[in-house]
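As stored in protein02.txt (compact mmCIF, C-alpha atoms and all ligand atoms):
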# COMPACT_ATOMS: atom_id res chain seq x y z
CA MET R 281 11.61 160.98 39.87
CA ASN R 282 9.74 162.83 42.55
CA ARG R 283 8.32 161.10 45.57
CA MET R 284 4.77 160.80 44.28
CA ALA R 285 6.00 159.12 41.12
CA TRP R 286 7.84 156.60 43.26
CA TYR R 287 4.70 155.70 45.19
CA HIS R 288 2.79 155.15 41.98
CA TRP R 289 5.59 153.11 40.54
CA ILE R 290 5.75 150.87 43.61
CA VAL R 291 1.99 150.33 43.74
CA LEU R 292 1.96 149.57 40.02
CA SER R 293 4.80 147.08 40.39
CA PHE R 294 3.05 145.21 43.14
CA SER R 295 -0.28 145.07 41.39
CA LEU R 296 1.51 143.76 38.30
CA VAL R 297 3.06 141.00 40.39
CA CYS R 298 -0.37 139.98 41.62
CA LEU R 299 -1.80 140.03 38.12
CA VAL R 300 0.98 137.98 36.57
CA ARG R 301 0.89 135.49 39.41
CA ALA R 302 -2.87 135.14 39.28
CA LEU R 303 -2.86 134.58 35.52
CA ASP R 304 -0.32 131.82 35.37
CA ALA R 305 -0.79 130.30 38.82
CA SER R 306 0.87 127.04 37.81
CA ALA R 307 -0.50 126.32 34.36
CA GLY R 308 1.71 123.23 34.25
CA ASP R 309 0.01 121.19 36.92
CA ALA R 310 -3.42 121.91 35.46
CA ASP R 311 -2.28 120.37 32.16
CA PRO R 312 -4.28 117.13 31.61
CA ILE R 313 -1.31 115.30 30.07
CA TYR R 314 0.86 116.08 33.11
CA LYS R 315 -1.99 115.13 35.47
CA ALA R 316 -2.54 111.81 33.75
CA CYS R 317 1.20 111.13 33.85
CA VAL R 318 1.41 111.70 37.62
CA GLU R 319 -1.70 109.61 38.26
CA GLN R 320 -0.37 106.78 36.12
CA CYS R 321 3.06 107.02 37.76
CA GLU R 322 1.70 106.84 41.30
CA LYS R 323 -0.02 103.59 40.34
CA THR R 324 2.74 101.92 38.34
CA GLY R 325 5.84 103.64 39.72
CA CYS R 326 7.13 104.40 36.24
CA VAL R 327 7.37 107.33 33.82
CA GLY R 328 8.22 105.99 30.38
CA ARG R 329 11.09 103.58 31.01
CA LYS R 330 12.16 105.18 34.32
CA CYS R 331 10.83 103.45 37.44
CA PHE R 332 11.19 104.49 41.07
CA GLN R 333 11.71 102.16 43.98
CA HIS R 334 9.79 104.53 46.28
CA CYS R 335 6.62 103.70 44.41
CA LYS R 336 6.62 99.98 45.14
CA PHE R 337 3.33 99.59 46.94
CA SER R 338 1.27 96.43 47.03
CA SER R 339 -2.43 96.66 46.21
CA ASP R 340 -3.40 97.26 49.86
CA GLY R 341 -0.97 100.17 50.10
CA LYS R 342 1.76 98.38 52.09
CA PRO R 343 5.34 98.52 50.90
CA ILE R 344 6.50 95.30 49.28
CA ASP R 345 10.14 95.32 50.31
CA GLY R 346 12.20 96.51 53.27
CA PRO R 347 12.68 95.05 56.75
CA TRP R 348 9.66 94.79 59.09
CA TYR R 349 10.76 97.63 61.39
CA LEU R 350 10.64 100.07 58.52
CA GLN R 351 7.11 99.07 57.55
CA GLU R 352 5.58 101.55 59.92
CA PRO R 353 2.94 104.11 58.98
CA LEU R 354 5.44 106.97 59.18
CA TYR R 355 7.81 105.26 56.81
CA LEU R 356 4.93 104.52 54.51
CA GLN R 357 4.09 108.19 54.46
CA TRP R 358 7.65 109.12 53.58
CA LYS R 359 7.56 106.59 50.82
CA GLN R 360 4.36 108.02 49.41
CA TRP R 361 5.81 111.52 49.54
CA ASP R 362 8.95 110.35 47.79
CA CYS R 363 6.93 108.55 45.21
CA ARG R 364 4.76 111.56 44.48
CA SER R 365 7.73 113.88 44.33
CA ASP R 366 9.64 111.56 41.97
CA CYS R 367 6.56 111.17 39.79
CA ARG R 368 5.92 114.89 39.64
CA TYR R 369 9.53 115.62 38.83
CA HIS R 370 9.90 113.11 36.01
CA CYS R 371 6.46 113.85 34.56
CA MET R 372 7.32 117.55 34.61
CA ILE R 373 10.70 117.05 32.90
CA SER R 374 9.25 114.81 30.20
CA ARG R 375 6.29 117.14 29.65
CA GLU R 376 8.62 120.14 29.35
CA GLU R 377 10.73 118.27 26.79
CA GLU R 378 7.60 117.55 24.77
CA ARG R 379 6.52 121.16 25.01
CA GLN R 380 9.94 122.37 23.93
CA LYS R 381 9.82 120.15 20.85
CA LEU R 382 6.43 121.62 19.98
CA GLY R 383 7.89 125.10 20.38
CA ASP R 384 5.79 125.95 23.48
CA LYS R 385 7.09 128.22 26.22
CA PRO R 386 8.03 126.73 29.61
CA VAL R 387 5.27 126.71 32.25
CA LYS R 388 5.24 126.40 36.02
CA TYR R 389 4.32 123.30 38.00
CA HIS R 390 2.97 123.64 41.54
CA GLY R 391 4.16 127.24 41.67
CA LYS R 392 7.66 126.55 40.35
CA TRP R 393 9.51 126.25 37.07
CA ALA R 394 10.94 122.95 35.89
CA PHE R 395 14.38 122.75 37.45
CA GLN R 396 17.13 120.21 36.90
CA ARG R 397 17.97 118.33 40.07
CA VAL R 398 21.55 118.09 41.33
CA ASN R 399 22.27 115.21 43.72
CA GLY R 400 18.57 115.11 44.54
CA ILE R 401 18.55 118.85 45.35
CA GLN R 402 15.91 120.56 43.28
CA GLU R 403 17.19 124.14 43.20
CA PRO R 404 20.82 124.14 44.38
CA ILE R 405 21.30 127.87 43.71
CA SER R 406 18.26 128.86 45.74
CA VAL R 407 19.32 126.54 48.56
CA ALA R 408 22.78 128.08 48.72
CA LEU R 409 21.34 131.61 48.62
CA SER R 410 18.80 130.77 51.34
CA ALA R 411 21.63 129.49 53.52
CA LEU R 412 23.56 132.73 52.90
CA ASN R 413 20.48 134.76 53.78
CA LEU R 414 20.11 132.76 56.96
CA ALA R 415 23.75 133.48 57.83
CA ILE R 416 23.32 137.21 57.17
CA GLN R 417 20.18 137.35 59.31
CA PHE R 418 21.98 135.49 62.09
CA HIS R 419 24.93 137.86 61.87
CA GLY R 420 22.63 140.89 61.90
CA TRP R 421 20.66 139.63 64.85
CA VAL R 422 23.75 138.69 66.92
CA SER R 423 25.40 142.05 66.28
CA PHE R 424 22.17 143.80 67.24
CA PHE R 425 22.05 141.69 70.42
CA ILE R 426 25.63 142.58 71.34
CA LEU R 427 25.09 146.28 70.64
CA ILE R 428 21.93 146.56 72.65
CA TYR R 429 22.95 144.55 75.73
CA TYR R 430 26.71 145.10 75.91
CA THR R 431 27.63 148.30 74.12
CA LEU R 432 24.73 150.62 74.85
CA PRO R 433 23.79 151.56 78.42
CA LEU R 434 20.86 149.71 80.06
CA ARG R 435 18.07 151.13 82.20
CA PRO R 436 18.36 150.63 85.99
CA ASN R 437 15.92 147.67 85.66
CA LYS R 438 18.34 146.03 83.16
CA LYS R 439 16.01 146.71 80.24
CA THR R 440 17.17 148.47 77.08
CA TYR R 441 16.41 152.11 76.43
CA TYR R 442 15.46 151.21 72.90
CA GLU R 443 11.72 150.56 72.82
CA PHE R 444 11.67 148.14 69.90
CA THR R 445 14.18 145.54 71.13
CA GLY R 446 11.65 142.73 71.63
CA LEU R 447 10.07 143.32 68.23
CA TRP R 448 13.44 143.06 66.45
CA HIS R 449 14.21 139.84 68.33
CA ILE R 450 10.96 138.34 67.05
CA TYR R 451 11.80 139.62 63.58
CA GLY R 452 15.25 137.96 63.75
CA VAL R 453 13.80 134.63 64.83
CA LEU R 454 11.00 134.69 62.23
CA SER R 455 13.33 135.59 59.39
CA MET R 456 15.88 132.93 60.30
CA ASN R 457 13.04 130.42 60.57
CA SER R 458 11.78 131.40 57.15
CA TRP R 459 15.19 131.17 55.47
CA PHE R 460 15.72 127.78 57.06
CA TRP R 461 12.48 126.45 55.57
CA SER R 462 13.28 128.16 52.30
CA ALA R 463 16.51 126.17 52.08
CA VAL R 464 14.67 122.96 52.96
CA PHE R 465 11.85 123.62 50.49
CA HIS R 466 14.16 124.47 47.61
CA SER R 467 16.10 121.27 48.19
CA ARG R 468 13.07 119.00 48.49
CA ASP R 469 9.66 120.10 47.36
CA VAL R 470 7.07 117.94 49.11
CA GLU R 471 3.73 118.98 50.56
CA LEU R 472 5.07 119.34 54.11
CA THR R 473 8.11 121.44 53.22
CA GLU R 474 6.06 123.57 50.86
CA LYS R 475 3.50 124.36 53.57
CA LEU R 476 6.23 125.14 56.09
CA TYR R 477 7.94 127.48 53.60
CA TYR R 478 4.75 129.33 52.70
CA SER R 479 3.55 129.51 56.30
CA SER R 480 6.81 130.88 57.65
CA ALA R 481 7.07 133.39 54.79
CA VAL R 482 3.53 134.64 55.47
CA ALA R 483 4.25 134.86 59.19
CA LEU R 484 7.40 136.88 58.52
CA LEU R 485 5.79 139.22 56.03
CA GLY R 486 2.84 139.79 58.35
CA PHE R 487 5.07 140.48 61.30
CA THR R 488 7.22 142.93 59.34
CA LEU R 489 4.02 144.79 58.46
CA ILE R 490 3.16 145.07 62.16
CA LEU R 491 6.72 146.16 62.83
CA ALA R 492 6.56 148.81 60.10
CA ILE R 493 3.40 150.30 61.59
CA LEU R 494 4.72 150.25 65.16
CA ARG R 495 8.12 151.72 64.28
CA ALA R 496 7.05 154.30 61.70
CA PHE R 497 4.24 155.63 63.89
CA ASN R 498 6.48 155.28 66.93
CA VAL R 499 3.84 153.29 68.85
CA ARG R 500 5.31 152.72 72.29
CA ASP R 501 2.24 152.23 74.41
CA GLU R 502 1.58 148.55 75.15
CA ALA R 503 -2.21 148.80 74.70
CA ALA R 504 -1.89 150.62 71.36
CA ARG R 505 0.58 148.00 70.16
CA VAL R 506 -1.89 145.23 70.98
CA MET R 507 -4.63 147.14 69.14
CA VAL R 508 -2.48 147.22 66.00
CA ALA R 509 -1.10 143.70 66.26
CA ALA R 510 -4.19 141.72 67.34
CA PRO R 511 -6.33 142.07 64.19
CA LEU R 512 -3.30 141.48 61.95
CA ILE R 513 -2.26 138.39 63.91
CA ALA R 514 -5.84 137.08 63.75
CA PHE R 515 -5.88 137.60 59.98
CA LEU R 516 -2.46 135.97 59.53
CA THR R 517 -3.45 132.95 61.62
CA THR R 518 -6.61 132.49 59.56
CA HIS R 519 -4.72 132.83 56.29
CA ILE R 520 -2.01 130.34 57.36
CA MET R 521 -4.63 127.84 58.55
CA TYR R 522 -6.53 128.25 55.27
CA LEU R 523 -3.37 127.52 53.26
CA ASN R 524 -2.42 124.53 55.38
CA PHE R 525 -5.70 122.82 56.06
CA TYR R 526 -8.03 123.93 53.31
CA ASN R 527 -6.44 125.01 50.08
CA LEU R 528 -2.87 125.97 49.20
CA ASP R 529 -4.01 128.62 46.75
CA TYR R 530 -0.93 130.21 45.12
CA GLY R 531 -2.93 133.00 43.49
CA LEU R 532 -4.66 134.02 46.71
CA ASN R 533 -1.43 133.78 48.69
CA MET R 534 0.35 136.02 46.19
CA LYS R 535 -2.40 138.61 46.53
CA VAL R 536 -2.23 138.54 50.32
CA CYS R 537 1.57 138.72 50.32
CA GLY R 538 1.52 141.42 47.64
CA ALA R 539 -0.90 143.55 49.66
CA MET R 540 1.14 143.17 52.86
CA GLY R 541 4.29 143.95 50.91
CA VAL R 542 2.86 147.11 49.32
CA ALA R 543 1.51 148.31 52.65
CA GLN R 544 4.83 148.07 54.46
CA LEU R 545 6.87 149.42 51.57
CA LEU R 546 4.56 152.45 51.46
CA ILE R 547 4.78 152.94 55.22
CA TRP R 548 8.59 152.84 55.18
CA THR R 549 8.72 155.09 52.09
CA ILE R 550 6.51 157.75 53.61
CA TRP R 551 8.32 157.55 56.93
CA ALA R 552 11.74 157.69 55.25
CA GLY R 553 10.55 160.77 53.38
CA MET R 554 9.36 162.62 56.48
CA THR R 555 11.68 161.53 59.26
CA ARG R 556 14.84 163.35 60.37
CA HIS R 557 16.37 159.99 61.25
CA PRO R 558 20.18 160.18 60.80
CA SER R 559 20.25 156.81 58.98
CA ARG R 560 17.28 157.40 56.74
CA TRP R 561 19.39 156.90 53.61
CA LYS R 562 19.79 153.23 54.58
CA LEU R 563 16.03 152.97 54.76
CA TRP R 564 15.82 154.57 51.33
CA VAL R 565 18.26 152.11 49.81
CA VAL R 566 16.39 149.14 51.29
CA VAL R 567 12.99 150.46 50.13
CA VAL R 568 14.20 151.26 46.59
CA GLY R 569 16.24 148.05 46.44
CA GLY R 570 13.23 146.06 47.65
CA GLY R 571 11.09 147.73 44.98
CA LEU R 572 13.64 146.87 42.30
CA ALA R 573 13.87 143.31 43.56
CA VAL R 574 10.13 143.07 43.00
CA LEU R 575 10.86 143.59 39.29
CA LEU R 576 12.54 140.18 39.35
CA GLU R 577 9.29 138.64 40.45
CA ILE R 578 7.40 140.52 37.72
CA PHE R 579 9.73 139.39 34.94
CA ASP R 580 9.56 135.94 36.43
CA PHE R 581 11.68 134.19 33.81
CA PRO R 582 12.17 130.41 33.62
CA PRO R 583 15.49 128.98 34.87
CA TYR R 584 18.51 129.66 32.71
CA GLN R 585 20.05 126.27 31.80
CA GLY R 586 17.58 124.77 34.27
CA PHE R 587 19.28 126.44 37.25
CA VAL R 588 19.04 130.22 37.78
CA ASP R 589 15.56 131.71 37.63
CA ALA R 590 14.13 135.03 38.78
CA HIS R 591 13.29 133.61 42.19
CA ALA R 592 16.92 132.63 42.77
CA LEU R 593 18.06 136.15 41.81
CA TRP R 594 15.47 137.55 44.19
CA HIS R 595 17.00 135.48 46.97
CA ALA R 596 20.40 136.85 45.95
CA SER R 597 19.15 140.45 46.08
CA THR R 598 17.84 140.06 49.63
CA ILE R 599 21.36 139.33 50.94
CA PRO R 600 22.80 142.88 50.66
CA LEU R 601 19.39 144.34 51.57
CA ALA R 602 19.22 142.26 54.76
CA TYR R 603 22.73 143.33 55.68
CA LEU R 604 21.89 147.01 55.27
CA TRP R 605 18.58 146.50 57.03
CA TRP R 606 20.19 145.18 60.23
CA CYS R 607 22.67 148.01 59.91
CA PHE R 608 19.74 150.42 59.97
CA VAL R 609 18.22 148.61 62.97
CA ARG R 610 21.45 149.02 64.92
CA ASP R 611 21.65 152.70 63.99
CA ASP R 612 18.05 153.10 65.05
CA ALA R 613 18.77 151.51 68.44
CA GLU R 614 21.73 153.85 68.96
CA PHE R 615 19.80 156.89 67.78
CA ARG R 616 16.77 156.23 70.02
CA THR R 617 18.95 155.37 73.01
CA SER R 618 21.03 158.54 72.74
CA SER R 619 17.99 160.78 72.28
CA LEU R 620 16.29 159.17 75.29
CA LEU R 621 19.41 159.67 77.40
CA LYS R 622 19.58 163.34 76.34
CA LYS R 623 16.00 163.80 77.50
CA THR R 624 16.62 162.28 80.93
CA LYS R 625 19.71 164.41 81.55
ZN ZN W 701 12.33 130.84 47.72

Reformat the file's structure so that it appears as structure tokens.
Ligand SMILES: [Zn+2]
Amino acid sequence: MNRMAWYHWIVLSFSLVCLVRALDASAGDADPIYKACVEQCEKTGCVGRKCFQHCKFSSDGKPIDGPWYLQEPLYLQWKQWDCRSDCRYHCMISREEERQKLGDKPVKYHGKWAFQRVNGIQEPISVALSALNLAIQFHGWVSFFILIYYTLPLRPNKKTYYEFTGLWHIYGVLSMNSWFWSAVFHSRDVELTEKLYYSSAVALLGFTLILAILRAFNVRDEAARVMVAAPLIAFLTTHIMYLNFYNLDYGLNMKVCGAMGVAQLLIWTIWAGMTRHPSRWKLWVVVVGGGLAVLLEIFDFPPYQGFVDAHALWHASTIPLAYLWWCFVRDDAEFRTSSLLKKTK
């Protein structure tokens, strides 16, 4: 395929993701039978014959059992979260069983498929893969740190020659933060962990867009960097606040993330096509691999045997991509440093 065809393909893929996501933005939790089940369960603490101890509230909302020191507001909140999460889970499983008997296709609940829990962990595969991603990001960041401060020469003022050091540090911290919350969210899906996962993912994606613009256009001037970053940071802050304090709208969030994803993929693609960068093939692999990984989100299939779904595979695909990505970052640091040193000589 020629380059233009690639661009079209990538844009098409991303717009398909948005469309699919918008259409079935959690059909499951809009289902009246599921809704009634959760409502009933939060009152009685039972789904069918299964009852949950977390749901034992007296009529005035105080827990009935437990020692006095645990009957604090915070504990009460935890209990309510646990109760809601148990109710949602068991209502979802029983609803999915009913649907299966009727020959209906699986649907999503609160943005996720119905997974089987293992030892109270909702999506063990995704948790393990998130932890691996976190480890890879940590490894990449540490090796970048060592390269830049110990292997490569420093300026007389002890600063690095490479102009994008600070930005990659922020990227490292944001991506590790987001994989951490991803692991937490996939093990326990409550409102707080969900918001933290979505917020940190949006922050990361937004920052990588800023990074793409600054690196691809080689923006080194402080004032110009602020001009690029400020409006994007303002937008990201607004979007994150909207999700957290107003409405956690999956459809809207997917559109925002999709748009930011397309933008940076296009920027890297065009840059990789034009630059004479010695490691541009790594960039190419990451861009094409990232585009292919998007396919997983398009053919967002329900979990196989209740465990491995498209989202889990997507987390798996980011592991080699992240490794290669940090590899590219290190090459970039070396390349920029050596060309700057050549200039000064
Ligand atoms: Zn995830």

Ligand ZN 701 (chain W) neighbours within 8 Å using only C-alpha atoms and all ligand atoms, as a PDB file with C-alpha atoms, in the frame of the given file:
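Printed below is selection.pdb as written:
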ATOM      1  CA  SER R 406      18.260 128.860  45.740  1.00  0.00           C
ATOM      2  CA  SER R 410      18.800 130.770  51.340  1.00  0.00           C
ATOM      3  CA  SER R 462      13.280 128.160  52.300  1.00  0.00           C
ATOM      4  CA  ALA R 463      16.510 126.170  52.080  1.00  0.00           C
ATOM      5  CA  PHE R 465      11.850 123.620  50.490  1.00  0.00           C
ATOM      6  CA  HIS R 466      14.160 124.470  47.610  1.00  0.00           C
ATOM      7  CA  HIS R 591      13.290 133.610  42.190  1.00  0.00           C
ATOM      8  CA  ALA R 592      16.920 132.630  42.770  1.00  0.00           C
ATOM      9  CA  HIS R 595      17.000 135.480  46.970  1.00  0.00           C
TER      10      HIS R 595
END

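Counting all atoms listed in the file and comparing R:Ala602, R:Trp393, R:Pro436, R:Ile578, the residue that lies closest to Met456 of chain R is R:Ala602.
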
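Of the listed residues R:Phe395, R:Phe444, R:Trp605, R:Tyr430, the one whose atoms come nearest to Glu502 of chain R is R:Phe444, with distances taken using all atoms listed in the file.
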
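Between atom CA of Thr598 of chain R and atom CA of Lys388 of chain R there is a distance of 23.0 Å.
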
Gap from atom CA of Leu532 of chain R to atom CA of Phe515 of chain R - Å, one decimal: 13.8 Å

What lies within 9 Å of Thr617 of chain R using only C-alpha atoms, ignoring chain neighbours under 2 positions off, as a compact mmCIF listing (two decimals) with C-alpha atoms, keeping the file's coordinate frame?
# COMPACT_ATOMS: atom_id res chain seq x y z
CA LEU R 432 24.73 150.62 74.85
CA PRO R 433 23.79 151.56 78.42
CA THR R 440 17.17 148.47 77.08
CA TYR R 441 16.41 152.11 76.43
CA TYR R 442 15.46 151.21 72.90
CA GLU R 443 11.72 150.56 72.82
CA ASP R 612 18.05 153.10 65.05
CA ALA R 613 18.77 151.51 68.44
CA GLU R 614 21.73 153.85 68.96
CA PHE R 615 19.80 156.89 67.78
CA SER R 619 17.99 160.78 72.28
CA LEU R 620 16.29 159.17 75.29
CA LEU R 621 19.41 159.67 77.40
CA LYS R 622 19.58 163.34 76.34

Nearest residue to Arg329 of chain R from the set R:Asn437, R:Ser374, R:Gln585, R:Ser365 (distances using all atoms listed in the file):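 Of all the options, R:Ser374 lies closest to Arg329 of chain R.
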
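One finds atom CA of Gln396 of chain R at 10.2 Å from atom CA of Val588 of chain R.
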
Residues near Leu447 of chain R, cut-off 10 Å, all atoms listed in the file, skip fewer than 3 positions along chain, as a PyMOL selection string: chain R and resi 443-444+450-452+487-488+490-491+494-495

Output segment 421-433 of chain R as a JSON list (two decimals), in the frame of the given file, making sure N, CA and C atoms are there.
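Writing done, so here's result.json:
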[["chain", "number", "residue", "atom", "x", "y", "z"],
["R", 421, "TRP", "N", 21.35, 139.74, 63.57],
["R", 421, "TRP", "CA", 20.66, 139.63, 64.85],
["R", 421, "TRP", "C", 21.66, 139.58, 66.00],
["R", 422, "VAL", "N", 22.74, 138.79, 65.86],
["R", 422, "VAL", "CA", 23.75, 138.69, 66.92],
["R", 422, "VAL", "C", 24.40, 140.05, 67.16],
["R", 423, "SER", "N", 24.73, 140.76, 66.08],
["R", 423, "SER", "CA", 25.40, 142.05, 66.28],
["R", 423, "SER", "C", 24.45, 143.07, 66.92],
["R", 424, "PHE", "N", 23.17, 142.95, 66.59],
["R", 424, "PHE", "CA", 22.17, 143.80, 67.24],
["R", 424, "PHE", "C", 22.11, 143.48, 68.74],
["R", 425, "PHE", "N", 22.10, 142.17, 69.04],
["R", 425, "PHE", "CA", 22.05, 141.69, 70.42],
["R", 425, "PHE", "C", 23.23, 142.24, 71.23],
["R", 426, "ILE", "N", 24.42, 142.13, 70.65],
["R", 426, "ILE", "CA", 25.63, 142.58, 71.34],
["R", 426, "ILE", "C", 25.57, 144.10, 71.57],
["R", 427, "LEU", "N", 25.17, 144.82, 70.53],
["R", 427, "LEU", "CA", 25.09, 146.28, 70.64],
["R", 427, "LEU", "C", 24.16, 146.70, 71.77],
["R", 428, "ILE", "N", 22.98, 146.09, 71.76],
["R", 428, "ILE", "CA", 21.93, 146.56, 72.65],
["R", 428, "ILE", "C", 22.17, 146.18, 74.11],
["R", 429, "TYR", "N", 22.76, 144.98, 74.34],
["R", 429, "TYR", "CA", 22.95, 144.55, 75.73],
["R", 429, "TYR", "C", 24.34, 144.81, 76.28],
["R", 430, "TYR", "N", 25.34, 144.96, 75.40],
["R", 430, "TYR", "CA", 26.71, 145.10, 75.91],
["R", 430, "TYR", "C", 27.33, 146.45, 75.62],
["R", 431, "THR", "N", 26.99, 147.05, 74.47],
["R", 431, "THR", "CA", 27.63, 148.30, 74.12],
["R", 431, "THR", "C", 26.85, 149.50, 74.64],
["R", 432, "LEU", "N", 25.55, 149.49, 74.42],
["R", 432, "LEU", "CA", 24.73, 150.62, 74.85],
["R", 432, "LEU", "C", 24.37, 150.49, 76.33],
["R", 433, "PRO", "N", 24.17, 151.62, 77.01],
["R", 433, "PRO", "CA", 23.79, 151.56, 78.42],
["R", 433, "PRO", "C", 22.39, 150.94, 78.60]]
